[in-house]
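Chemist: Can you keep this structure in mind? I'll have questions shortly.
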Amino acid sequence: MSTTTDPVTNKEPSISKDSEEILTKKTLEEDDEFEDFPVDNWPSSATLRESTQLQANLWEENWDDVEVDDDFANELKNELDRYKQEHQ
Amino acid sequence: MQQALAGLFQQIRASNYDVLSIDLKKNGSLISSLQNELQRFDNRELDKLVESQNFHNGKWTRFNIMILSFLKFSRDVDPWSTWENVDIIFNFYSDLNNCLLNDSYPIDKLIEVFLSITEFIIPFATTLDENYVLLGTRQYQFLSHTSSIISKLFNSIKPHSEANTNGNVLQGKQAILLYLVNKLNNIYFKIDSPQLCSNIFKNFKPKSSIENFSEYPLTQRIEYRYLLGKYYLTNARITNSFVQLNSAFDLLCSAYNLLGYNVHPSIKKNALKILRYLIPAGLIMGKLPNFKLIEALDLQLASSYIKLAHYIREGNIKGLNLWLQHNERDLSHRYLLIIFLEKLPMIAYRYLVRKTIMEWSISQNLNRLPFDVLERMMKLSIGDDSDRPDLNKISIYNGIHNYKNVENVLVTLINLGYLRGNCYPLLKVCVFQKTQNINDVLPPIDERILAMFPLNSEDAWLDN
Amino acid sequence: PAAAAAPPLPSDVRPPHVLVKTLDYIVDNLLTSLPEGERFLWDRMRSIRQDFTYQNYSGPECVDCNERIVRIHLLILHVMVKSKAEFSLQQELEQLHKSLITLSEIYDDVRANGGECPNEAEFRAYSLLSKIRDPQYDRTVLSLPPNILQNDLVQLALCFRRIISNSNYIERGYVRTENSLNFYERFFSLLQSKEVPFLMSSFLETYLGEIRFYAVKALSHSLNKKHKPIPLDNLQSRLLFNTQEELVEFCDYYSILIVDNGADLKSLIHHSHKLPETQPLSQSYLQSVEDKLQATTYSNLINSGKPNFDSIPDVQMA
């Protein structure tokens with residue numbers, strides 16, 4: 001019998017055939033779950049130093065200091081100018 | 001006695017429990033031999049057979065039940081049908097789990113088997129649940145069942161003072177405590193019941209025999225903080241969420257070079273999974289992500305959030321709402337839609353008020369802002385749909401904000417500590433300190449948030 | 001039923017179709033007995049729900065009855081407050097919550113079996129308002145199919161939940177969260193608008209007291225300490241009190257000083273809308289909501305849904 005016994009999991013059961021269409025909603029948040037970390041890829045002290053720098057850079061120093069200059073900003077500015085003129 | 005069966009019993013006697021694997025990929029040949037040999041046994045005979053082996057001197061009933069369950073599985077398993085095997089698989093898993101509940105038996109060697117079968121069961125249950133419509137089962141039936149089995153084991157764990165550590169190595173169930181915590185919380189998210197995580201998070205520390213979280217394996221710690229941060233975010237607890245997710249990302253970066261050319265894809269993927277929640281939490285905290293860095297990891301994620309960050313920074317409520325609407329499906333799926341809808345506008349308003357004060361008040365050396373000046377700005381930011389009858393259908397994108405709510409926006413900003421000033425409702429003006437430095441009027445957001453929303457002290461031990 | 005009470009005899013439990021008839025009778029003949037008849041209605045509706053529970057039945061009749069019972073409770077909330085008649089708000093809300101929970105369970109069950117109840121969205125919207133500060137309810141609605149989320153009433157309910165979110169809200173067991181809006185001005189203007197149907201408005205009226213309190217708290221915090229009292233008529237229209245007497249009652253309750261026909265908001269010392277060891281402030285209603293009610297009839301309001309029969313597969317809860 002051992003020769004005829006294919007592992008269950010190798011042969012997908014018939015139920016999963018049509019299931020892909022049915023399950024359009026979501027596949028149980030699969031894309032949110034962590035994948036197994038590789039065991040053979042343990043950090044060396046060299047990468048350790050390099051990468052802490054990376055983390056330090058994930059956030060910009062201060063969002064307030066980033067100046068925006070685009071259509072919407074100009075629209076706001078023009079509107080203020082109009083208001084000033086109207087109230088002089 | 002038959003060869004395979006005799007071999008099995010011998011291995012069990014020697015506590016080599018690998019033979020108890022129900023994964024046909026790994027253990028198929030033993031199981032198929034057992035199946036041949038067990039065909040002539042009915043349940044009663046199997047029962048007798050197990051009893052005759054006198055495992056553990058016959059004193060560990062649950063162990064015998066578990067072995068019996070394994071033999072039934074081997075006898076009855078149908079290699080061609082997953083569905084037919086559901087009962088015998090879950091019976092075995094549950095019986096195995098029952099063996100582990102009572103610490104007075106030699107359970108340590110069974111823990112390995114439990115782990116490997118858990119790794120088999122969860123994807124198995126997930127596949128079944130993904131097909132619940134075809135199977136006619138309840139949604140999430142099998143994952144729920146799996147979680148109830150695992151949580152029994154979790155609940156059975158007690159913090160023994162020294163018995164569980166040998167030098168620095170955790171022993172027995174203590175060694176898998178964080179593993180179980182993460183498995184359970186992952187399942188709870190999968191089955192749309194993140195509220196169930198709360199009990200696990202609460203009981204983790206009391207069950208742990210060690211004082212320092214850092215003694216747990218690094219990868220499990222990263223995952224724990226990720227799940228905890230995600231949990232806080234679904235409960236709109238932004239600061240707590242940010243701190244946990246940020247340290248998950250931090251730990252990951254300290255262990256792996258994400259931008260290295262030989263970084264394993266799974267590491268990069270996990271980093272992205274953290275970022276998908278960390279960026280939202282950060283934006284709500286008024287923090288701007290370094291998009292260059294995020295681009296290097298995922299172009300699409302970066303380009304999408306660059307737009308959102310831009311709308312917030314320019315104080316554009318309409319743009320913010322359009323962005324939310326555009327990403328509605330994905331955001332709903334991650335429970336972020338409502339959080340964003342509620343928590344981002346005040347940051348955008350702060351920038352709108354900031355711009356107005358800079359361009360109007362400070363530039364004219366005034367220490368006041370008339371409401372009707374801000375109203376003009378808000379009209380541009382929010383839009384004015386009141387004269388468009390076709391738009392009078394109220395949605396989450398047009399029902400919350402209105403340019404007439406000037407005073408209310410200022411009052412809320414003052415109450416959040418984002419604006420230092422006073423309102424004069426009768427004079428319809430907001431007055432603040434006379435200054436050339438806008439930061440005197442609008443202090444940095446994250447300082448204010450941290451002052452108003454302290455971290456959960458129950459998490460303090462995670463930093464030890 | 002109380003644990004100690006003996007289960008009823010099978011012959012005493014009315015079958016589903018009889019329960020529907022009973023409720024039909026109530027809707028057609030007894031609603032006009034309000035406000036005096038409130039106690040009787042409350043009792044009759046509870047017993048209808050109990051009879052469904054006794055026979056463990058959750059088919060279309062049960063959905064229909066629970067839906068209409070929810071609407072009746074919503075109607076009662078406004079009618080009782082308007083008439084100033086004595087009644088237990090807490091008991092009314094308790095039955096309302098129970099009916100909503102029953103309905104949510106049945107809707108889930110019907111969906112798990114491939115069906116969908118025609119009025120589900122309306123009652124999901126009420127559920128969102130029933131625990132208006134519990135984030136769990138936002139998650140629930142996001143996990144439902146998009147057509148529920150897109151429904152007008154659900155969208156409105158989600159708006160109101162955001163509008164009343166408040167980082168200064170203080171109550172036992174409630175965790176404050178960041179950047180909340182506390183848009184009390186928007187709350188009042190949206191609640192008055194015709195887009196918000198009567199039944200939903202009636203439910204939202206139960207929050208008037210706390211919204212007003214936190215509006216005053218926020219305003220008070222934003223005023224300069226030397227700010228003079230706010231004239232009562234200004235405050236009255238701001239907080240949408242029907243009369244100045246109601247406003248004065250409110251100020252008295254929270255010990256807000258009234259000086260020269262103005263309320264000195266800076267004198268507010270309370271942090272929470274709930275005062276310890278004090279009877280809650282009496283409930284309020286809005287004239288604009290009363291106007292919405294006048295524009296329709298009780299039975300139109302209650303029988304407003306789509307029929308449940310034919311559209312639900314026959315499902316019985318295990």
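Here's how to read the names in the structure tokens: chain A, B, ... by the order shown, residue numbers from 1 in each chain, ligand numbers from 1 in the order shown.
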Near chain C, which residues of chain B fall within 6 Å when you count only C-alpha atoms, and what do they look like as a VMD selection string?
Modeler: chain B and resid 235 237 332 342 to 343 395 to 396 400 411 422 to 423
Chemist: Now that the selection is made, can you save its residues with all heavy atoms as a short mmCIF file (atom, residue, chain, number, x, y, z; two decimals), in the first residue's frame?
Modeler:
```
data_model
loop_
_atom_site.label_atom_id
_atom_site.label_comp_id
_atom_site.auth_asym_id
_atom_site.auth_seq_id
_atom_site.Cartn_x
_atom_site.Cartn_y
_atom_site.Cartn_z
N ASN B 235 -7.94 49.20 17.99
CA ASN B 235 -8.70 49.83 19.06
C ASN B 235 -8.46 51.33 19.12
O ASN B 235 -8.76 51.97 20.13
CB ASN B 235 -8.36 49.20 20.40
CG ASN B 235 -9.00 47.84 20.54
OD1 ASN B 235 -10.22 47.72 20.60
ND2 ASN B 235 -8.19 46.80 20.53
N ARG B 237 -5.93 53.01 19.63
CA ARG B 237 -4.96 53.49 20.63
C ARG B 237 -3.62 53.73 19.91
O ARG B 237 -2.76 52.85 19.84
CB ARG B 237 -4.84 52.49 21.77
CG ARG B 237 -6.18 52.31 22.48
CD ARG B 237 -6.11 51.30 23.57
NE ARG B 237 -5.28 51.77 24.68
CZ ARG B 237 -5.08 51.06 25.80
NH1 ARG B 237 -5.65 49.88 25.93
NH2 ARG B 237 -4.31 51.53 26.75
N SER B 332 -10.43 49.06 4.55
CA SER B 332 -11.45 48.35 5.32
C SER B 332 -10.89 47.01 5.76
O SER B 332 -11.04 46.59 6.91
CB SER B 332 -12.70 48.07 4.49
OG SER B 332 -13.24 49.25 4.01
N GLU B 342 -11.25 59.10 11.41
CA GLU B 342 -11.42 59.79 12.68
C GLU B 342 -10.16 60.52 13.14
O GLU B 342 -10.25 61.58 13.75
CB GLU B 342 -11.85 58.76 13.74
CG GLU B 342 -12.03 59.34 15.12
CD GLU B 342 -12.60 58.32 16.10
OE1 GLU B 342 -13.65 57.71 15.77
OE2 GLU B 342 -12.01 58.12 17.17
N LYS B 343 -9.01 59.94 12.85
CA LYS B 343 -7.78 60.41 13.50
C LYS B 343 -6.88 61.29 12.63
O LYS B 343 -5.97 61.92 13.15
CB LYS B 343 -6.96 59.22 14.01
CG LYS B 343 -7.73 58.24 14.87
CD LYS B 343 -7.86 58.75 16.27
CE LYS B 343 -8.66 57.83 17.16
NZ LYS B 343 -9.36 58.62 18.19
N SER B 395 -22.41 60.83 3.05
CA SER B 395 -21.51 59.69 3.17
C SER B 395 -20.43 60.02 4.19
O SER B 395 -20.32 61.17 4.64
CB SER B 395 -20.87 59.37 1.82
OG SER B 395 -19.80 60.27 1.58
N ILE B 396 -19.63 59.02 4.51
CA ILE B 396 -18.55 59.26 5.46
C ILE B 396 -17.54 60.26 4.91
O ILE B 396 -16.75 60.81 5.65
CB ILE B 396 -17.82 57.95 5.86
CG1 ILE B 396 -17.39 57.16 4.62
CG2 ILE B 396 -18.69 57.09 6.75
CD1 ILE B 396 -16.55 55.93 4.95
N ILE B 400 -18.97 64.59 7.58
CA ILE B 400 -18.34 64.91 8.86
C ILE B 400 -17.82 66.35 8.91
O ILE B 400 -17.94 67.03 9.93
CB ILE B 400 -17.18 63.92 9.13
CG1 ILE B 400 -17.72 62.49 9.21
CG2 ILE B 400 -16.41 64.29 10.39
CD1 ILE B 400 -16.69 61.41 9.19
N VAL B 411 -11.50 75.05 18.61
CA VAL B 411 -11.69 74.58 19.99
C VAL B 411 -11.09 73.19 20.16
O VAL B 411 -10.39 72.90 21.14
CB VAL B 411 -13.20 74.58 20.35
CG1 VAL B 411 -13.46 73.77 21.61
CG2 VAL B 411 -13.71 76.00 20.51
N ASN B 422 -6.65 81.19 22.61
CA ASN B 422 -7.99 81.26 23.18
C ASN B 422 -8.98 81.64 22.12
O ASN B 422 -8.68 82.42 21.22
CB ASN B 422 -8.05 82.31 24.30
CG ASN B 422 -7.25 81.89 25.52
OD1 ASN B 422 -6.36 82.61 25.97
ND2 ASN B 422 -7.54 80.72 26.04
N CYS B 423 -10.20 81.10 22.27
CA CYS B 423 -11.26 81.49 21.36
C CYS B 423 -12.11 82.57 22.01
O CYS B 423 -12.34 82.55 23.23
CB CYS B 423 -12.15 80.29 21.03
SG CYS B 423 -11.42 79.23 19.80
#
```
Chemist: Select residues of chain B: the criterion is any atom within 8 Å of an atom of chain A, counting only C-alpha atoms; output as a PyMOL selection string.
Modeler: chain B and resi 23-25+28-29+32-33+36+78-83+126-127+130-131+133-135+186+189-191+219+223+249-250+253-258+264+266-267+269-270+273+286-290+293+313-314+316+359-360+373+376-377+380+444
Chemist: Restricting it to C-alpha atoms, dump the selection as a short mmCIF file (atom, residue, chain, number, x, y, z; two decimals), in the first residue's frame.
Modeler:
```
data_model
loop_
_atom_site.label_atom_id
_atom_site.label_comp_id
_atom_site.auth_asym_id
_atom_site.auth_seq_id
_atom_site.Cartn_x
_atom_site.Cartn_y
_atom_site.Cartn_z
CA ASP B 23 1.63 14.93 8.17
CA LEU B 24 1.59 12.45 5.32
CA LYS B 25 4.29 14.40 3.54
CA GLY B 28 3.44 8.94 4.88
CA SER B 29 5.32 5.73 4.55
CA SER B 32 0.58 3.67 5.09
CA SER B 33 2.29 0.61 6.55
CA ASN B 36 -2.20 -2.03 6.15
CA ASP B 78 -7.97 8.58 3.28
CA PRO B 79 -4.99 9.94 1.37
CA TRP B 80 -7.27 11.17 -1.41
CA SER B 81 -9.61 13.33 0.57
CA THR B 82 -8.86 16.06 3.01
CA TRP B 83 -12.47 16.38 3.99
CA THR B 126 -7.18 27.76 7.03
CA THR B 127 -7.72 25.85 3.79
CA GLU B 130 -11.48 29.26 2.97
CA ASN B 131 -13.85 26.71 1.49
CA VAL B 133 -19.24 27.80 1.48
CA LEU B 134 -18.54 24.63 -0.47
CA LEU B 135 -18.15 22.54 2.63
CA ASN B 186 -2.63 35.51 14.54
CA PHE B 189 -6.97 38.36 13.53
CA LYS B 190 -7.62 35.84 10.78
CA ILE B 191 -11.09 35.04 12.09
CA THR B 219 11.85 36.64 15.87
CA GLU B 223 6.09 39.19 15.84
CA PHE B 249 10.53 47.47 12.98
CA ASP B 250 13.49 48.56 15.05
CA CYS B 253 16.32 46.32 11.42
CA SER B 254 18.74 45.61 14.20
CA ALA B 255 18.81 41.97 13.17
CA TYR B 256 18.73 42.13 9.41
CA ASN B 257 19.90 44.54 6.80
CA LEU B 258 16.67 45.14 4.94
CA HIS B 264 15.91 36.87 2.47
CA SER B 266 10.57 36.72 3.86
CA ILE B 267 12.39 39.28 5.99
CA LYS B 269 7.97 40.89 3.45
CA ASN B 270 7.71 40.94 7.22
CA LYS B 273 3.79 43.96 6.95
CA GLY B 286 2.11 63.70 13.05
CA LYS B 287 5.27 61.97 11.92
CA LEU B 288 6.46 62.01 8.34
CA PRO B 289 7.95 58.75 7.09
CA ASN B 290 11.12 58.69 5.05
CA LEU B 293 13.53 54.32 2.39
CA ARG B 313 0.58 68.41 5.17
CA GLU B 314 -1.17 70.93 2.97
CA ASN B 316 -6.44 69.40 2.34
CA GLU B 359 0.36 83.71 5.98
CA TRP B 360 -2.22 85.90 7.62
CA VAL B 373 -10.44 84.12 7.49
CA ARG B 376 -12.41 80.86 3.68
CA MET B 377 -9.49 78.47 4.02
CA LEU B 380 -11.18 75.52 -0.02
CA PRO B 444 5.08 69.74 17.76
#
```
Chemist: Mind giving me the straight-line distance from CA of Tyr311 (chain B) to CA of Tyr403 (chain B) in Å, one decimal?
Modeler: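 The value is 17.0 Å.
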Chemist: Identify, with DSSP run on backbone atoms, the residues in region 191-250 of chain C assigned to alpha helix (DSSP H), and express the list as number ranges by chain.
Modeler: C: 191-192, 198-205, 208-222, 232-238, 244-250
Chemist: Of the candidates C:Val216, C:Val81, C:Met200, C:Leu34, which one gets nearest to His271 (chain C) if we count only C-alpha atoms?
Modeler: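 Ranked by minimum distance to His271 (chain C), first place goes to C:Val216.
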Chemist: I need the residue nearest chain A from this list: C:Ser201, C:Glu92, C:Tyr57, C:Pro145. Use only C-alpha atoms for the distance.
Modeler: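 When distances to chain A are compared using only C-alpha atoms, the smallest one comes from C:Pro145.
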Chemist: Phe70 (chain B): which residues within 8 Å, counting only C-alpha atoms, same-chain residues fewer than 6 positions away excluded, as a ChimeraX atom specification?
Modeler: /B:20,22,92
Chemist: Would you work out the distance separating CA of Leu297 (chain B) from CA of Ala271 (chain B), expressed in Å to one decimal?
Modeler: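 If I compute the distance from CA of Leu297 (chain B) to CA of Ala271 (chain B), I get 8.5 Å.
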Chemist: What is the distance, in Å and to one decimal place, between CA of Val243 (chain B) and CA of Leu272 (chain B)?
Modeler: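 Answer for the CA of Val243 (chain B) to CA of Leu272 (chain B) separation: 16.6 Å.
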Chemist: Pick out the residues sitting within 12 Å of Asn300 (chain C), and hand them over as a PyMOL selection string; count only C-alpha atoms, and ignore anything fewer than 3 positions along from it in its own chain.
Modeler: chain C and resi 27-28+31+68+71-72+75+198-199+293-297+303-305
Chemist: Could you give me, as a PyMOL selection string, the residues within 9 Å of Ile362 (chain B), counting only C-alpha atoms and dropping anything in the same chain fewer than 4 positions from it?
Modeler: chain B and resi 357-358+366-368+434-438
Chemist: Mind dumping the selected residues with C-alpha atoms as an mmCIF file, in the first residue's frame?
Modeler:
```
data_model
loop_
_atom_site.group_PDB
_atom_site.id
_atom_site.type_symbol
_atom_site.label_atom_id
_atom_site.label_comp_id
_atom_site.auth_asym_id
_atom_site.auth_seq_id
_atom_site.Cartn_x
_atom_site.Cartn_y
_atom_site.Cartn_z
ATOM 1 C CA ILE B 357 -1.656 81.835 10.871
ATOM 2 C CA MET B 358 1.700 82.066 9.099
ATOM 3 C CA LEU B 366 -0.936 90.074 14.300
ATOM 4 C CA ASN B 367 -1.668 87.818 17.275
ATOM 5 C CA ARG B 368 -5.160 86.951 16.185
ATOM 6 C CA LYS B 434 2.463 87.581 19.735
ATOM 7 C CA THR B 435 5.406 85.903 18.075
ATOM 8 C CA GLN B 436 7.359 85.481 14.872
ATOM 9 C CA ASN B 437 7.894 81.809 15.615
ATOM 10 C CA ILE B 438 4.956 79.678 14.532
#
```
Chemist: C:Glu210, C:Glu290, C:Glu277, C:Glu249: which is nearest Glu171 (chain C), counting only C-alpha atoms?
Modeler: C:Glu210
